[in-house]
Structures are given as C-alpha cells and as structure tokens.
Amino acid sequence: MVSFTTVVTAGLLASSSLALPHAHQKFHQKRSSSSSKRGAAYNDASLVSTLTSTGTVSWAYDWNDANDGTLPSGIEYVPMLWGSKMFDGWSSAVETALSSGSSYILGFNEPDMTSQADMSASDAATYYKQYITPYADRASLVTPAVTSSTDSGMGLEWMASFLEACTDCNATAMAVHWYGEAASDFKSFVEQAIETASNYSISSVWITEFGLSSGTDSEAASFIEEVVPWLDSQSAVGRYAYFYCADGYLCFFLLRLDGQRTRNFFLFHFLDLLDIPFPYPCMWWYTTT
Ligand SMILES: *[C@@H]1O[C@H](CO)[C@@H](O)[C@H](O)[C@H]1NC(C)=O
Ligand SMILES: *[C@@H]1O[C@H](CO)[C@@H](O)[C@H](O)[C@H]1NC(C)=O
C-alpha cells in the first residue's frame, strides 16, 4: 500500500535531485532501464514536461491531430483521427505530424460509443481505408480504440467486426481502453484483447486509456504498481497510457467526477507548503514505477 508520504517523497526526489545525489543517481538508472512503452495522454502540452525528468515517457497523444503546443524533446507525438468531425483538416494535419517525426497514427476514439466517435464497424473500416491506410508506407497504423464494454456489439466484439472488415487496412497494432475495478480484471481484458488482435494477425496491442473507475488514491496507486510492470513484461503490449496527464488527476479521477480536489487535497496542500510548483500530474505513477 502506498502512503501519502511515499507520494510526496517521490515528488520531492524528482524536483530536488541536485540536492539529493542518491535520488539523482536512482533516476538516472531508471532513465536507462525505463520502458519505452509508456505514454502521456494529455490535453495541455505544457503538462507533459512535468513527467519527463524521469525519462519514463517516450510518446504522447492528445486525442487530436496536432500537438497543440510544444512537447519536450524526445517525446514522440502520435496524431489521432478522432472521428468524422476531424475528416476535413486531417490530411494537412497528418502531413505536419509525419514531417515532424511521428511514426504512428491512431485511429478513431471509441467508435463503439454513441457519445464518442460513434461508427459502425463497417463504416469505420471504410473511413479507415480512406483516411488512414494511405499513410501505411510512412507510419505504423493503429486501429480505432474501443472501450472495454462487454455489451453486445461493443468493445472487443466491435473490434472483431472491424478487423474482419478491415483485413486490407494495413493496421499493425490494435488499441483498447479499459476502466474497471481490479487489476486482475484489467489483465484478463488485456489478454483477451491480445487474443482478438492475434486472431487477425496483429501482434501488438496498445492500451491508450486505462484506470480504476472507483476507489481510493492508495487503491489506485496499488493498481498502478501492479499493472505497470505486468504491461512492461507482456511482449504483445506495444504501448500504454494511463488516464491521464492532467492537473488534479494524480493517480485517480475522482476529482473529475465530483469536480473538486477533495481526495488529493492533502497532497496538493503538502506540495504547496513545500513550495513545489504545480502542476504535478500523475507524478506518483511516472516517478515510482
Ligand atoms: C498495404 O498492405 C498491402 C499488402 O501488404 C500492400 O500491398 C500495400 O502497399 C499497403 N499499402 C500502403 C499504403 O503501404
Ligand atoms: C480467436 O479465435 C479462436 C479460433 O477461432 C476463437 O475460438 C477465439 O474465441 C477467438 N478469440 C477471441 C478473443 O475472439
């Protein structure tokens, strides 16, 4: 179980490494041995720099086709064609991203959800071939990202229909999202996603959003502590991004649900007292795993 003391210490170590030679050394070790799978899902590019001192983040995306700011050097921006609302500006945006060094393209966001990209699997396959497949010789292509819903026609079932209709789409990785209650459920979902992908000759799965849908901060921390090394050890997991890199979402998104900083108040108050600059998004995750 991770205490607030651990959380605050992690923040301190990261920000005052010059004054703490041991910590400095430790983070250097992490940099060289860190996984390149880990990404930052962000809306505000300026927040991503708060994660990079540890060297554990290699890529970032913002559910968009442009990076909307400046990412730290060495972080690969991955453009996404979110859905039909972005078809118009797509070709010029993706050209800019590719010429700036992007080597992957992400497909539609949760097309299995009516509130998100909202597409049938067959429409999605048609649009994918029209807007994304043409870039297959310049980037590696990732499928749309589905939810973890097990409702009929959603989640991995939607994905299987899409892959069935999209065998000539040239996607080489499959993307999924997951929200739920337990690390064991997350792992079995990811294993099922890997099997679905493998059934269509896709050997890489990206988890581009994940997190617990309820629980305490320390439960979220334990969850992360358990699943991140597991994701790193899975050869079929290509990349992953915790939800998400934003102020107030340290490890947990209760704050989003109730709109207030109740849960993390103690932590933020502590950082403030110690004169540690805000924001510290996802700091626990990015500094201790
Ligand atoms: C997509 O894959 C097919 C079959 O491997 C290949 O012939 C085609 O050139 C690829 N498309 C692009 C745009 O690279
Ligand atoms: C993968 O294909 C096998 C053989 O057709 C099937 O039994 C299995 O259910 C499929 N797995 C998934 C997750 O769709």
# chains A, B, ... in the order shown; residues from 1 in each chain; ligands from 1
>>> residues_around(residues="Tyr77 in chain A", least_positions_apart="4", cutoff="10 Å", atoms="only C-alpha atoms", output="JSON, numbers by chain")
{"A": [39, 40, 58, 59, 60, 61, 62, 65, 66, 67, 70, 71, 72, 97, 98, 100, 101, 102, 103, 104, 105]}
>>> write_last_selection(atoms="C-alpha atoms", output="PDB file, in the first residue's frame")
ATOM      1  CA  GLY A  39       2.994   7.428 -22.967  1.00  0.00           C
ATOM      2  CA  ALA A  40       1.287  10.581 -21.759  1.00  0.00           C
ATOM      3  CA  SER A  58       8.566   8.151 -24.713  1.00  0.00           C
ATOM      4  CA  TRP A  59       5.423   9.239 -26.529  1.00  0.00           C
ATOM      5  CA  ALA A  60       2.307  11.334 -26.117  1.00  0.00           C
ATOM      6  CA  TYR A  61      -1.092  11.872 -27.686  1.00  0.00           C
ATOM      7  CA  ASP A  62      -3.944  14.287 -27.164  1.00  0.00           C
ATOM      8  CA  ASP A  65      -4.277  15.538 -34.984  1.00  0.00           C
ATOM      9  CA  ALA A  66      -1.978  18.338 -33.783  1.00  0.00           C
ATOM     10  CA  ASN A  67       0.110  18.542 -30.647  1.00  0.00           C
ATOM     11  CA  THR A  70       5.376  22.143 -27.524  1.00  0.00           C
ATOM     12  CA  LEU A  71       6.182  18.686 -26.239  1.00  0.00           C
ATOM     13  CA  PRO A  72       9.532  18.088 -24.548  1.00  0.00           C
ATOM     14  CA  ALA A  97       2.775  15.392 -37.792  1.00  0.00           C
ATOM     15  CA  LEU A  98       4.568  12.942 -40.070  1.00  0.00           C
ATOM     16  CA  SER A 100       7.692  16.451 -37.610  1.00  0.00           C
ATOM     17  CA  GLY A 101       8.690  12.889 -36.750  1.00  0.00           C
ATOM     18  CA  SER A 102       5.518  10.979 -35.863  1.00  0.00           C
ATOM     19  CA  SER A 103       5.901   7.348 -36.802  1.00  0.00           C
ATOM     20  CA  TYR A 104       2.467   6.073 -35.737  1.00  0.00           C
ATOM     21  CA  ILE A 105      -1.123   7.098 -36.416  1.00  0.00           C
TER      22      ILE A 105
END
>>> residues_near_ligand(ligand="ligand 2", cutoff="6 Å", atoms="only C-alpha atoms and all ligand atoms", output="list in words")
Gln192, Glu195, Thr196 and Asn199 of chain A
>>> atom_distance(atom1="atom 13 (C, counted along the ligand's line) of ligand 1", atom2="CA of Ser73 in chain A")
28.9 Å
>>> closest_residue(among="A:Ser198, A:Ser184, A:Gln116, A:Thr126", to="Ala160 in chain A", atoms="only C-alpha atoms")
A:Ser198
>>> closest_atom_pairs(of="chain A", to="ligand 1", cutoff="10 Å", atoms="only C-alpha atoms and all ligand atoms", output="Markdown table")
| residue | atom | partner | partner_atom_place_in_ligand_line | distance |
| --- | --- | --- | --- | --- |
| A:Lys129 | CA | ligand 1 | 13 (C) | 9.4 |
| A:Ile132 | CA | ligand 1 | 13 (C) | 8.8 |
| A:Thr133 | CA | ligand 1 | 13 (C) | 5.7 |
| A:Pro134 | CA | ligand 1 | 13 (C) | 4.4 |
| A:Tyr135 | CA | ligand 1 | 13 (C) | 5.5 |
| A:Ala136 | CA | ligand 1 | 14 (O) | 4.2 |
| A:Asp137 | CA | ligand 1 | 14 (O) | 4.0 |
| A:Arg138 | CA | ligand 1 | 14 (O) | 7.6 |
| A:Ala139 | CA | ligand 1 | 14 (O) | 9.0 |
| A:Ser140 | CA | ligand 1 | 14 (O) | 9.7 |
| A:Thr167 | CA | ligand 1 | 2 (O) | 9.3 |
| A:Asp168 | CA | ligand 1 | 2 (O) | 6.4 |
| A:Cys169 | CA | ligand 1 | 1 (C) | 6.6 |
| A:Asn170 | CA | ligand 1 | 1 (C) | 4.8 |
| A:Ala171 | CA | ligand 1 | 1 (C) | 8.5 |
>>> write_last_selection(atoms="C-alpha atoms", output="short mmCIF file (atom, residue, chain, number, x, y, z; two decimals), in the first residue's frame")
data_model
loop_
_atom_site.label_atom_id
_atom_site.label_comp_id
_atom_site.auth_asym_id
_atom_site.auth_seq_id
_atom_site.Cartn_x
_atom_site.Cartn_y
_atom_site.Cartn_z
CA LYS A 129 -9.17 2.80 -45.62
CA ILE A 132 -5.55 6.28 -42.62
CA THR A 133 -4.46 3.33 -44.80
CA PRO A 134 -2.89 5.64 -47.42
CA TYR A 135 -0.20 6.52 -44.84
CA ALA A 136 0.84 2.89 -44.29
CA ASP A 137 4.09 3.39 -46.13
CA ARG A 138 5.03 6.36 -43.92
CA ALA A 139 3.83 5.33 -40.47
CA SER A 140 2.70 2.31 -38.46
CA THR A 167 -8.09 -7.05 -43.28
CA ASP A 168 -6.72 -4.78 -46.02
CA CYS A 169 -6.45 -1.70 -43.80
CA ASN A 170 -2.73 -2.21 -43.07
CA ALA A 171 -3.11 -1.66 -39.31
#
>>> closest_atom_pairs(of="range 222-252 of chain A", to="range 209-214 of chain A", cutoff="8 Å", atoms="only C-alpha atoms", output="CSV")
residue,atom,partner,partner_atom,distance
A:Phe223,CA,A:Leu212,CA,7.8
A:Tyr240,CA,A:Glu209,CA,7.4
A:Ala241,CA,A:Glu209,CA,5.6
A:Tyr242,CA,A:Phe210,CA,5.2
A:Phe243,CA,A:Glu209,CA,5.1
A:Tyr244,CA,A:Glu209,CA,7.5
A:Phe252,CA,A:Leu212,CA,7.4
>>> write_last_selection(atoms="C-alpha atoms", output="mmCIF file, in the first residue's frame")
data_model
loop_
_atom_site.group_PDB
_atom_site.id
_atom_site.type_symbol
_atom_site.label_atom_id
_atom_site.label_comp_id
_atom_site.auth_asym_id
_atom_site.auth_seq_id
_atom_site.Cartn_x
_atom_site.Cartn_y
_atom_site.Cartn_z
ATOM 1 C CA PHE A 223 -3.346 -0.892 -9.032
ATOM 2 C CA TYR A 240 0.191 2.181 -22.944
ATOM 3 C CA ALA A 241 -1.009 5.455 -21.437
ATOM 4 C CA TYR A 242 -2.701 5.852 -18.063
ATOM 5 C CA PHE A 243 -5.703 8.199 -17.950
ATOM 6 C CA TYR A 244 -4.360 10.817 -17.764
ATOM 7 C CA PHE A 252 -7.144 8.846 -9.774
#
>>> select_by_dssp(residues="range 115-234 of chain A", states="helix (DSSP H, G or I)", output="PDB file with C-alpha atoms, in the first residue's frame")
ATOM      1  CA  ALA A 121     -17.583  -1.344 -37.635  1.00  0.00           C
ATOM      2  CA  SER A 122     -18.175  -1.402 -41.389  1.00  0.00           C
ATOM      3  CA  ASP A 123     -18.323   2.406 -41.707  1.00  0.00           C
ATOM      4  CA  ALA A 124     -15.201   2.652 -39.597  1.00  0.00           C
ATOM      5  CA  ALA A 125     -13.413   0.215 -41.916  1.00  0.00           C
ATOM      6  CA  THR A 126     -14.452   2.265 -44.956  1.00  0.00           C
ATOM      7  CA  TYR A 127     -13.277   5.531 -43.371  1.00  0.00           C
ATOM      8  CA  TYR A 128     -10.101   3.920 -42.108  1.00  0.00           C
ATOM      9  CA  LYS A 129      -9.175   2.803 -45.624  1.00  0.00           C
ATOM     10  CA  GLN A 130      -9.971   6.247 -46.974  1.00  0.00           C
ATOM     11  CA  TYR A 131      -8.182   8.390 -44.378  1.00  0.00           C
ATOM     12  CA  THR A 133      -4.462   3.330 -44.797  1.00  0.00           C
ATOM     13  CA  PRO A 134      -2.888   5.643 -47.420  1.00  0.00           C
ATOM     14  CA  TYR A 135      -0.200   6.520 -44.844  1.00  0.00           C
ATOM     15  CA  GLY A 155     -15.736  -3.315 -27.017  1.00  0.00           C
ATOM     16  CA  LEU A 156     -13.768  -6.280 -28.358  1.00  0.00           C
ATOM     17  CA  GLU A 157     -16.850  -7.519 -30.199  1.00  0.00           C
ATOM     18  CA  TRP A 158     -16.954  -4.249 -32.182  1.00  0.00           C
ATOM     19  CA  MET A 159     -13.218  -4.625 -32.740  1.00  0.00           C
ATOM     20  CA  ALA A 160     -13.543  -8.150 -34.135  1.00  0.00           C
ATOM     21  CA  SER A 161     -16.153  -6.922 -36.646  1.00  0.00           C
ATOM     22  CA  PHE A 162     -13.924  -4.038 -37.589  1.00  0.00           C
ATOM     23  CA  LEU A 163     -10.879  -6.267 -38.097  1.00  0.00           C
ATOM     24  CA  GLU A 164     -12.995  -8.678 -40.133  1.00  0.00           C
ATOM     25  CA  ALA A 165     -13.952  -5.784 -42.438  1.00  0.00           C
ATOM     26  CA  ALA A 183      -6.011  -5.293 -11.614  1.00  0.00           C
ATOM     27  CA  SER A 184      -6.976  -8.915 -12.287  1.00  0.00           C
ATOM     28  CA  ASP A 185      -9.885  -7.772 -14.472  1.00  0.00           C
ATOM     29  CA  PHE A 186      -7.584  -5.389 -16.321  1.00  0.00           C
ATOM     30  CA  LYS A 187      -5.081  -8.152 -17.020  1.00  0.00           C
ATOM     31  CA  SER A 188      -7.671 -10.577 -18.290  1.00  0.00           C
ATOM     32  CA  PHE A 189      -9.151  -7.876 -20.526  1.00  0.00           C
ATOM     33  CA  VAL A 190      -5.722  -7.119 -21.971  1.00  0.00           C
ATOM     34  CA  GLU A 191      -5.115 -10.840 -22.519  1.00  0.00           C
ATOM     35  CA  GLN A 192      -8.416 -11.106 -24.343  1.00  0.00           C
ATOM     36  CA  ALA A 193      -7.518  -8.062 -26.449  1.00  0.00           C
ATOM     37  CA  ILE A 194      -4.189  -9.689 -27.331  1.00  0.00           C
ATOM     38  CA  GLU A 195      -6.035 -12.834 -28.431  1.00  0.00           C
ATOM     39  CA  THR A 196      -8.510 -10.830 -30.523  1.00  0.00           C
ATOM     40  CA  ALA A 197      -5.651  -8.989 -32.228  1.00  0.00           C
ATOM     41  CA  SER A 198      -3.739 -12.208 -32.756  1.00  0.00           C
ATOM     42  CA  ASN A 199      -6.786 -13.779 -34.425  1.00  0.00           C
ATOM     43  CA  ASP A 217      -5.938   7.044  -4.001  1.00  0.00           C
ATOM     44  CA  SER A 218      -3.986   4.256  -2.384  1.00  0.00           C
ATOM     45  CA  GLU A 219      -6.048   1.648  -4.227  1.00  0.00           C
ATOM     46  CA  ALA A 220      -5.270   3.455  -7.473  1.00  0.00           C
ATOM     47  CA  ALA A 221      -1.594   3.530  -6.551  1.00  0.00           C
ATOM     48  CA  SER A 222      -1.570  -0.200  -5.765  1.00  0.00           C
ATOM     49  CA  PHE A 223      -3.346  -0.892  -9.032  1.00  0.00           C
ATOM     50  CA  ILE A 224      -0.745   1.046 -10.988  1.00  0.00           C
ATOM     51  CA  GLU A 225       2.086  -0.554  -9.077  1.00  0.00           C
ATOM     52  CA  GLU A 226       0.786  -3.986 -10.014  1.00  0.00           C
ATOM     53  CA  VAL A 227      -0.219  -3.483 -13.641  1.00  0.00           C
ATOM     54  CA  VAL A 228       2.612  -1.329 -14.986  1.00  0.00           C
ATOM     55  CA  PRO A 229       5.397  -3.933 -14.519  1.00  0.00           C
ATOM     56  CA  TRP A 230       2.992  -6.518 -15.898  1.00  0.00           C
ATOM     57  CA  LEU A 231       2.335  -4.406 -19.015  1.00  0.00           C
ATOM     58  CA  ASP A 232       6.076  -3.951 -19.444  1.00  0.00           C
ATOM     59  CA  SER A 233       6.560  -7.710 -19.276  1.00  0.00           C
TER      60      SER A 233
END
>>> closest_residue(among="A:Asp44, A:Asn64, A:Gly153, A:Asn109", to="Gly89 in chain A", atoms="only C-alpha atoms")
A:Asn64
>>> residues_around(residues="Thr172 in chain A", least_positions_apart="2", cutoff="8 Å", atoms="only C-alpha atoms", output="MDAnalysis selection string")
chainID A and resid 140:143 170 174 202:204
>>> write_last_selection(atoms="C-alpha atoms", output="PDB file, in the first residue's frame")
ATOM      1  CA  SER A 140       2.695   2.312 -38.463  1.00  0.00           C
ATOM      2  CA  LEU A 141      -1.073   2.304 -38.223  1.00  0.00           C
ATOM      3  CA  VAL A 142      -3.085   1.645 -35.061  1.00  0.00           C
ATOM      4  CA  THR A 143      -6.756   0.588 -35.193  1.00  0.00           C
ATOM      5  CA  ASN A 170      -2.728  -2.211 -43.069  1.00  0.00           C
ATOM      6  CA  MET A 174      -4.789  -2.646 -32.078  1.00  0.00           C
ATOM      7  CA  ILE A 202      -1.974  -8.244 -35.276  1.00  0.00           C
ATOM      8  CA  SER A 203       0.778  -8.799 -32.744  1.00  0.00           C
ATOM      9  CA  SER A 204       0.762  -5.502 -30.870  1.00  0.00           C
TER      10      SER A 204
END
>>> closest_residue(among="A:Met154, A:Ala175, A:Ala246, A:Cys166", to="Gly107 in chain A", atoms="only C-alpha atoms")
A:Ala175
